[in-house]
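Everything on this sheet refers to the single structure shown next.
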Amino acid sequence: MPPIVIVGSGLAGWTVVRELRKLDRTVPISLVTADDGDFYAKPMLSNALAQDKSPAQLVGTAAEAMAAQQGVTLLRQTRTHGIDRARKALLSDRGEVPYSRLVLALGADPIRLPLAGEAADAVLSVNDLADYARFREALKEARGVAILGAGLIGCEFANDLAAAGHAVTVLDPAAWPLASLLPQPAGEALLSPLAALGVSWRLGRAVKAVDRDGSGYRLTLDNGDRVDADMVLSAVGLRPRIALAKEAGLAVNRGILADALLRTSDADIFALGDCAEIEGQVRPYVLPIMHAARALAQTLSGTPTPVAFPPMPVVIKTPACPVAVQPVARDAQGEWEITADARGVKGLFRDAAQRLKGFALTQAYADERAALTKQLA
């Protein structure tokens, strides 16, 4: 019998392996990955610098050890370039890999802004260990760092870089940090604490061009202003990897479309993690991946199990200003109830029936995350 084949060695791919092995020690599993396949916590990439963590120190378990522990055939440094759905074979640069069922845990790519300027291609992004290694090396010669994006990753990197002694400038067209997650008073609560660390904010402005200026870079903004930096880091979000699925004729939208069983438009192909759009939603954080992997393991082992996502608050790693948020659905109807005082900002989003649907907590109020989550549940 052909193995279950998993494409991708990030948290989603390896968690499916581990959850499946808890249920079945004998089913053959192959894991195909374009990188080294080491198991590590990707969220650590945005706060490892101040802890002086090298790429090697971020690895929890080396790929070979992980494969041996889990009884997996590991095809590392192996790129995939197609799926033959009729013959149930993954097409790779090592030849065909037959599958009984295929799991796509492909992850996502950093969004690249359409920047002008002859140094636009020098803008860095950090999406995996190899990116982090390049980032660390470039930082050896960089004092000032410009970060494009004041979202979750941009704010985490800003805190981390400033805490490590770098001068940081954060640029974003939005009027306040974390604008897609937090109401304005909560987002603005980050401004002063991070400024005290050495972060300069240039909000309400878009970067139009990046050019070389001596050994550093010159950023030109949409109003003609100029910002100088030794390094430019882009943190404007991720785009699900859908090309492989799309070329295979699977249904895609923003991500690879999957139902509650994580099943794509092909009953023998499943998707989860950053590449998947599960019942209409892309869920890019750690907890959704863990819940999806556990449910999928049950399904793959013979017990069809729809994934159920409980309330899953997001803790943002900005120690200068702790933040916890239960994101509110984009189409949610209701209002924010805001408390702002010496303890921080507490935002509660309630619907017309006064039911709690989300929250945004900063500073000391972040300690109320667990209690408020119980109210949501």
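Scheme for the structure tokens: letters A, B, ... for chains in order shown; per-chain residue numbers from 1; ligand numbers from 1 in order shown.
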Within 10 Å of Gln281 of chain A, counting only C-alpha atoms, which residues show up once you throw out same-chain ones fewer than 4 positions away? Write them as a PDB file with C-alpha atoms, in the first residue's frame, please.
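Once everything was written out, this is selection.pdb:
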```pdb
ATOM      1  CA  ARG A 254      -7.147  32.833  -0.993  1.00  0.00           C
ATOM      2  CA  GLY A 255      -5.882  29.443   0.194  1.00  0.00           C
ATOM      3  CA  LEU A 257     -10.118  25.216  -0.156  1.00  0.00           C
ATOM      4  CA  ALA A 258     -10.790  22.565   2.482  1.00  0.00           C
ATOM      5  CA  ALA A 276      -5.323  26.160   3.687  1.00  0.00           C
ATOM      6  CA  GLU A 277      -8.632  28.007   3.636  1.00  0.00           C
ATOM      7  CA  ALA A 329     -14.507  38.227  12.458  1.00  0.00           C
TER       8      ALA A 329
END
```
* To do: Extract the full set of helix (DSSP H, G or I) residues from segment 36-108 of chain A according to DSSP on the backbone, and format it as JSON, numbers by chain.
  => {"A": [42, 43, 44, 45, 46, 55, 56, 57, 58, 63, 64, 65, 66, 67, 68, 69, 70]}
Export of the given selection (C-alpha atoms) as a PDB file, in the first residue's frame:
```pdb
ATOM      1  CA  LYS A  42       8.531  29.243  13.653  1.00  0.00           C
ATOM      2  CA  PRO A  43       7.010  31.883  15.992  1.00  0.00           C
ATOM      3  CA  MET A  44      10.405  32.034  17.710  1.00  0.00           C
ATOM      4  CA  LEU A  45      11.924  33.671  14.620  1.00  0.00           C
ATOM      5  CA  SER A  46      10.515  37.073  15.522  1.00  0.00           C
ATOM      6  CA  PRO A  55      19.523  29.343  13.913  1.00  0.00           C
ATOM      7  CA  ALA A  56      20.931  26.067  15.248  1.00  0.00           C
ATOM      8  CA  GLN A  57      19.715  26.855  18.772  1.00  0.00           C
ATOM      9  CA  LEU A  58      16.167  27.300  17.502  1.00  0.00           C
ATOM     10  CA  ALA A  63      15.224  16.168  10.864  1.00  0.00           C
ATOM     11  CA  GLU A  64      16.954  12.776  10.938  1.00  0.00           C
ATOM     12  CA  ALA A  65      16.171  12.282  14.622  1.00  0.00           C
ATOM     13  CA  MET A  66      12.564  13.358  14.106  1.00  0.00           C
ATOM     14  CA  ALA A  67      12.127  10.958  11.204  1.00  0.00           C
ATOM     15  CA  ALA A  68      13.645   8.103  13.203  1.00  0.00           C
ATOM     16  CA  GLN A  69      11.480   8.801  16.262  1.00  0.00           C
ATOM     17  CA  GLN A  70       8.307   8.904  14.184  1.00  0.00           C
TER      18      GLN A  70
END
```
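Among the candidate residues A:Lys357, A:Arg85, A:Lys53, A:Arg205, the one lying nearest to Arg330 of chain A is A:Lys357, with distances computed using only C-alpha atoms.
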* How many Å separate atom CA of Val325 of chain A from atom CA of Leu372 of chain A? ->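 Those two atoms sit 10.3 Å apart.
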* Compile the contact shell of Ser200 of chain A as a list in words: residues with an atom at most 9 Å away, counting only C-alpha atoms, same-chain residues fewer than 2 positions apart removed. => Ala167, Val168, Thr169, Val170, Leu171, Leu191, Leu194, Ala195, Gly198 and Arg202 of chain A
Those selected residues, please, written with C-alpha atoms and delivered as an mmCIF file, in the first residue's frame.
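Final output, again.cif:
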```
data_model
loop_
_atom_site.group_PDB
_atom_site.id
_atom_site.type_symbol
_atom_site.label_atom_id
_atom_site.label_comp_id
_atom_site.auth_asym_id
_atom_site.auth_seq_id
_atom_site.Cartn_x
_atom_site.Cartn_y
_atom_site.Cartn_z
ATOM 1 C CA ALA A 167 17.631 51.651 16.155
ATOM 2 C CA VAL A 168 14.315 50.664 14.585
ATOM 3 C CA THR A 169 11.929 52.592 12.362
ATOM 4 C CA VAL A 170 8.529 51.009 11.696
ATOM 5 C CA LEU A 171 6.589 52.197 8.642
ATOM 6 C CA LEU A 191 3.490 53.440 20.680
ATOM 7 C CA LEU A 194 8.196 50.576 22.133
ATOM 8 C CA ALA A 195 9.399 54.144 21.549
ATOM 9 C CA GLY A 198 14.220 52.876 20.632
ATOM 10 C CA ARG A 202 6.226 56.419 10.756
#
```
* Measuring atom to atom with only C-alpha atoms, identify which of A:Ala174, A:Ala371, A:Leu190, A:Leu124 is nearest to Ile147 of chain A. =>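 Between A:Ala174, A:Ala371, A:Leu190, A:Leu124, the residue approaching Ile147 of chain A most closely is A:Leu124.
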* Kindly indicate which residue among A:Ala105, A:Leu74, A:Leu182, A:Ala235 lies nearest to Val126 of chain A, using only C-alpha atoms for the distances. => A:Ala235
* Long-range neighbours of segment 212-224 of chain A as a PyMOL selection string, 12 Å cut-off, only C-alpha atoms, 5 positions minimum in chain -> chain A and resi 115-123+138-139+141-148+169-173+202-207+229-233
* Asked: Any idea what the distance is between atom CA of Val328 of chain A and atom CA of Ile111 of chain A?
  -> 22.9 Å
* **Close residues, Thr264 of chain A itself excluded, 10 Å, only C-alpha atoms, min 6 positions apart in chain, as an MDAnalysis selection string** => chainID A and resid 103:104 245 250:252 256:258 270:272 276:278
* To do: Would you list the contacts of segment 304-314 of chain A as a PyMOL selection string, taking every protein, DNA or RNA residue within 9 Å and counting only C-alpha atoms, but skipping same-chain residues closer than 3 positions in sequence?
  => chain A and resi 259-262+285-288+291-301+323-327+358-359+369-370+373-374+376-377
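Look at Pro98 of chain A: the protein and nucleic acid residues within 7 Å of it, using only C-alpha atoms and passing over chain neighbours fewer than 3 places away, are Pro2, Lys88, Ala89 and Leu90 of chain A.
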Residue subset to file, keeping N, CA and C atoms, as a JSON list (two decimals), in the first residue's frame:
```json
[["chain", "number", "residue", "atom", "x", "y", "z"],
["A", 2, "PRO", "N", 0.60, 2.22, -0.86],
["A", 2, "PRO", "CA", 1.40, 3.45, -0.86],
["A", 2, "PRO", "C", 1.25, 4.18, 0.47],
["A", 88, "LYS", "N", -2.40, 9.14, -8.58],
["A", 88, "LYS", "CA", -2.11, 9.32, -7.16],
["A", 88, "LYS", "C", -0.61, 9.29, -6.92],
["A", 89, "ALA", "N", 0.05, 10.26, -7.54],
["A", 89, "ALA", "CA", 1.51, 10.36, -7.39],
["A", 89, "ALA", "C", 1.90, 11.84, -7.28],
["A", 90, "LEU", "N", 2.77, 12.12, -6.33],
["A", 90, "LEU", "CA", 3.37, 13.43, -6.20],
["A", 90, "LEU", "C", 4.60, 13.47, -7.11]]
```
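Closest approach to Ser100 of chain A from the set A:Gln354, A:Ser30, A:Asn159, A:Asn127 is made by A:Ser30, with distances taken over only C-alpha atoms.
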* Between atom CA of Pro240 of chain A and atom CA of Asp211 of chain A, distance in Å (one decimal) ->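 Those two atoms sit 28.8 Å apart.
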* Quick one: pick out all strand (DSSP E) residues within segment 147-328 of chain A from a backbone DSSP run and write them as JSON, numbers by chain. => {"A": [147, 148, 167, 168, 169, 170, 171, 172, 199, 200, 201, 202, 203, 207, 208, 209, 210, 211, 212, 213, 216, 217, 218, 219, 220, 221, 226, 227, 228, 229, 231, 232, 233, 234, 238, 239, 240, 256, 257, 258, 269, 270, 271, 276, 277, 278, 314, 315, 316, 323, 324, 325, 326]}
Any chance you could export the current selection's N, CA and C atoms as a compact mmCIF listing (two decimals), in the first residue's frame?
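Once everything was written out, this is selection.txt:
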```txt
# COMPACT_ATOMS: atom_id res chain seq x y z
N ILE A 147 11.59 48.65 9.30
CA ILE A 147 10.65 47.54 9.20
C ILE A 147 9.43 48.02 8.45
N LEU A 148 9.11 47.33 7.37
CA LEU A 148 7.91 47.63 6.60
C LEU A 148 6.77 46.78 7.16
N ALA A 167 18.55 50.54 16.37
CA ALA A 167 17.63 51.65 16.16
C ALA A 167 16.62 51.20 15.10
N VAL A 168 15.35 51.24 15.43
CA VAL A 168 14.32 50.66 14.58
C VAL A 168 13.33 51.75 14.16
N THR A 169 13.00 51.75 12.88
CA THR A 169 11.93 52.59 12.36
C THR A 169 10.88 51.68 11.75
N VAL A 170 9.63 51.82 12.22
CA VAL A 170 8.53 51.01 11.70
C VAL A 170 7.65 51.90 10.82
N LEU A 171 7.40 51.43 9.59
CA LEU A 171 6.59 52.20 8.64
C LEU A 171 5.37 51.39 8.24
N ASP A 172 4.22 52.06 8.18
CA ASP A 172 2.99 51.37 7.80
C ASP A 172 1.96 52.40 7.36
N VAL A 199 12.22 52.51 19.31
CA VAL A 199 11.47 52.35 18.06
C VAL A 199 10.88 53.69 17.64
N SER A 200 11.15 54.09 16.39
CA SER A 200 10.52 55.27 15.80
C SER A 200 9.37 54.82 14.92
N TRP A 201 8.26 55.50 15.00
CA TRP A 201 7.07 55.14 14.25
C TRP A 201 6.86 56.12 13.10
N ARG A 202 6.64 55.60 11.89
CA ARG A 202 6.23 56.42 10.76
C ARG A 202 4.95 55.79 10.21
N LEU A 203 3.85 56.15 10.84
CA LEU A 203 2.56 55.55 10.51
C LEU A 203 1.77 56.48 9.59
N VAL A 207 5.80 53.19 1.91
CA VAL A 207 7.11 53.24 1.27
C VAL A 207 6.91 52.99 -0.22
N LYS A 208 7.50 53.86 -1.03
CA LYS A 208 7.35 53.75 -2.48
C LYS A 208 8.60 53.20 -3.15
N ALA A 209 9.80 53.48 -2.59
CA ALA A 209 11.03 53.07 -3.27
C ALA A 209 12.11 52.82 -2.24
N VAL A 210 13.02 51.90 -2.59
CA VAL A 210 14.20 51.62 -1.77
C VAL A 210 15.41 51.69 -2.69
N ASP A 211 16.36 52.57 -2.36
CA ASP A 211 17.57 52.73 -3.15
C ASP A 211 18.79 52.59 -2.24
N ARG A 212 19.92 52.28 -2.85
CA ARG A 212 21.16 52.22 -2.09
C ARG A 212 21.65 53.64 -1.82
N ASP A 213 22.25 53.79 -0.64
CA ASP A 213 22.81 55.07 -0.25
C ASP A 213 24.09 54.78 0.52
N GLY A 216 24.31 51.79 3.03
CA GLY A 216 22.96 51.53 3.53
C GLY A 216 21.90 51.74 2.48
N TYR A 217 20.71 52.15 2.94
CA TYR A 217 19.56 52.27 2.05
C TYR A 217 18.80 53.57 2.34
N ARG A 218 18.19 54.07 1.31
CA ARG A 218 17.33 55.24 1.41
C ARG A 218 15.92 54.84 1.00
N LEU A 219 14.96 55.02 1.90
CA LEU A 219 13.56 54.71 1.63
C LEU A 219 12.84 56.02 1.31
N THR A 220 12.12 56.03 0.21
CA THR A 220 11.33 57.19 -0.16
C THR A 220 9.86 56.89 0.12
N LEU A 221 9.21 57.80 0.86
CA LEU A 221 7.82 57.59 1.26
C LEU A 221 6.88 58.26 0.27
N ARG A 226 12.15 61.02 3.38
CA ARG A 226 13.20 60.01 3.23
C ARG A 226 13.51 59.42 4.60
N VAL A 227 13.73 58.11 4.64
CA VAL A 227 14.17 57.40 5.84
C VAL A 227 15.43 56.62 5.48
N ASP A 228 16.48 56.76 6.28
CA ASP A 228 17.73 56.05 6.05
C ASP A 228 17.83 54.85 6.99
N ALA A 229 18.41 53.76 6.50
CA ALA A 229 18.57 52.55 7.30
C ALA A 229 19.73 51.73 6.77
N MET A 231 19.50 48.39 7.07
CA MET A 231 18.82 47.16 6.64
C MET A 231 17.33 47.47 6.51
N VAL A 232 16.68 46.80 5.56
CA VAL A 232 15.24 46.94 5.39
C VAL A 232 14.62 45.55 5.52
N LEU A 233 13.67 45.42 6.45
CA LEU A 233 13.01 44.15 6.70
C LEU A 233 11.53 44.30 6.39
N SER A 234 11.00 43.44 5.55
CA SER A 234 9.59 43.47 5.21
C SER A 234 8.82 42.49 6.09
N LEU A 238 1.66 37.31 4.96
CA LEU A 238 1.96 36.09 4.23
C LEU A 238 0.85 35.77 3.23
N ARG A 239 1.22 35.10 2.17
CA ARG A 239 0.26 34.68 1.14
C ARG A 239 0.30 33.15 1.05
N PRO A 240 -0.82 32.45 1.28
CA PRO A 240 -0.82 30.99 1.22
C PRO A 240 -0.24 30.45 -0.09
N ILE A 256 -5.90 27.05 -0.23
CA ILE A 256 -6.42 25.81 -0.80
C ILE A 256 -7.72 25.49 -0.06
N LEU A 257 -8.82 25.40 -0.80
CA LEU A 257 -10.12 25.22 -0.16
C LEU A 257 -10.22 23.83 0.48
N ALA A 258 -10.63 23.82 1.75
CA ALA A 258 -10.79 22.57 2.48
C ALA A 258 -12.04 22.64 3.34
N ILE A 269 -6.97 14.13 -0.98
CA ILE A 269 -5.97 15.17 -0.73
C ILE A 269 -6.51 16.11 0.33
N PHE A 270 -5.69 16.39 1.33
CA PHE A 270 -6.07 17.22 2.47
C PHE A 270 -5.13 18.41 2.56
N ALA A 271 -5.56 19.45 3.25
CA ALA A 271 -4.73 20.64 3.42
C ALA A 271 -4.95 21.23 4.80
N ALA A 276 -3.95 26.64 3.81
CA ALA A 276 -5.32 26.16 3.69
C ALA A 276 -6.35 27.24 4.01
N GLU A 277 -7.46 27.18 3.33
CA GLU A 277 -8.63 28.01 3.64
C GLU A 277 -9.73 27.04 4.08
N ILE A 278 -9.88 26.91 5.38
CA ILE A 278 -10.76 25.90 5.96
C ILE A 278 -12.14 26.49 6.20
N VAL A 314 -4.73 35.22 20.58
CA VAL A 314 -3.36 35.36 20.08
C VAL A 314 -2.58 36.23 21.06
N VAL A 315 -1.45 35.72 21.52
CA VAL A 315 -0.56 36.48 22.39
C VAL A 315 0.56 37.05 21.53
N ILE A 316 0.69 38.36 21.53
CA ILE A 316 1.69 39.01 20.69
C ILE A 316 2.94 39.24 21.52
N VAL A 323 0.38 42.12 24.82
CA VAL A 323 -0.88 42.22 24.09
C VAL A 323 -1.48 40.83 23.94
N ALA A 324 -2.77 40.71 24.19
CA ALA A 324 -3.52 39.48 23.91
C ALA A 324 -4.80 39.89 23.19
N VAL A 325 -5.13 39.15 22.14
CA VAL A 325 -6.30 39.52 21.35
C VAL A 325 -7.05 38.28 20.89
N GLN A 326 -8.35 38.31 21.03
CA GLN A 326 -9.22 37.35 20.38
C GLN A 326 -9.78 38.06 19.16
```
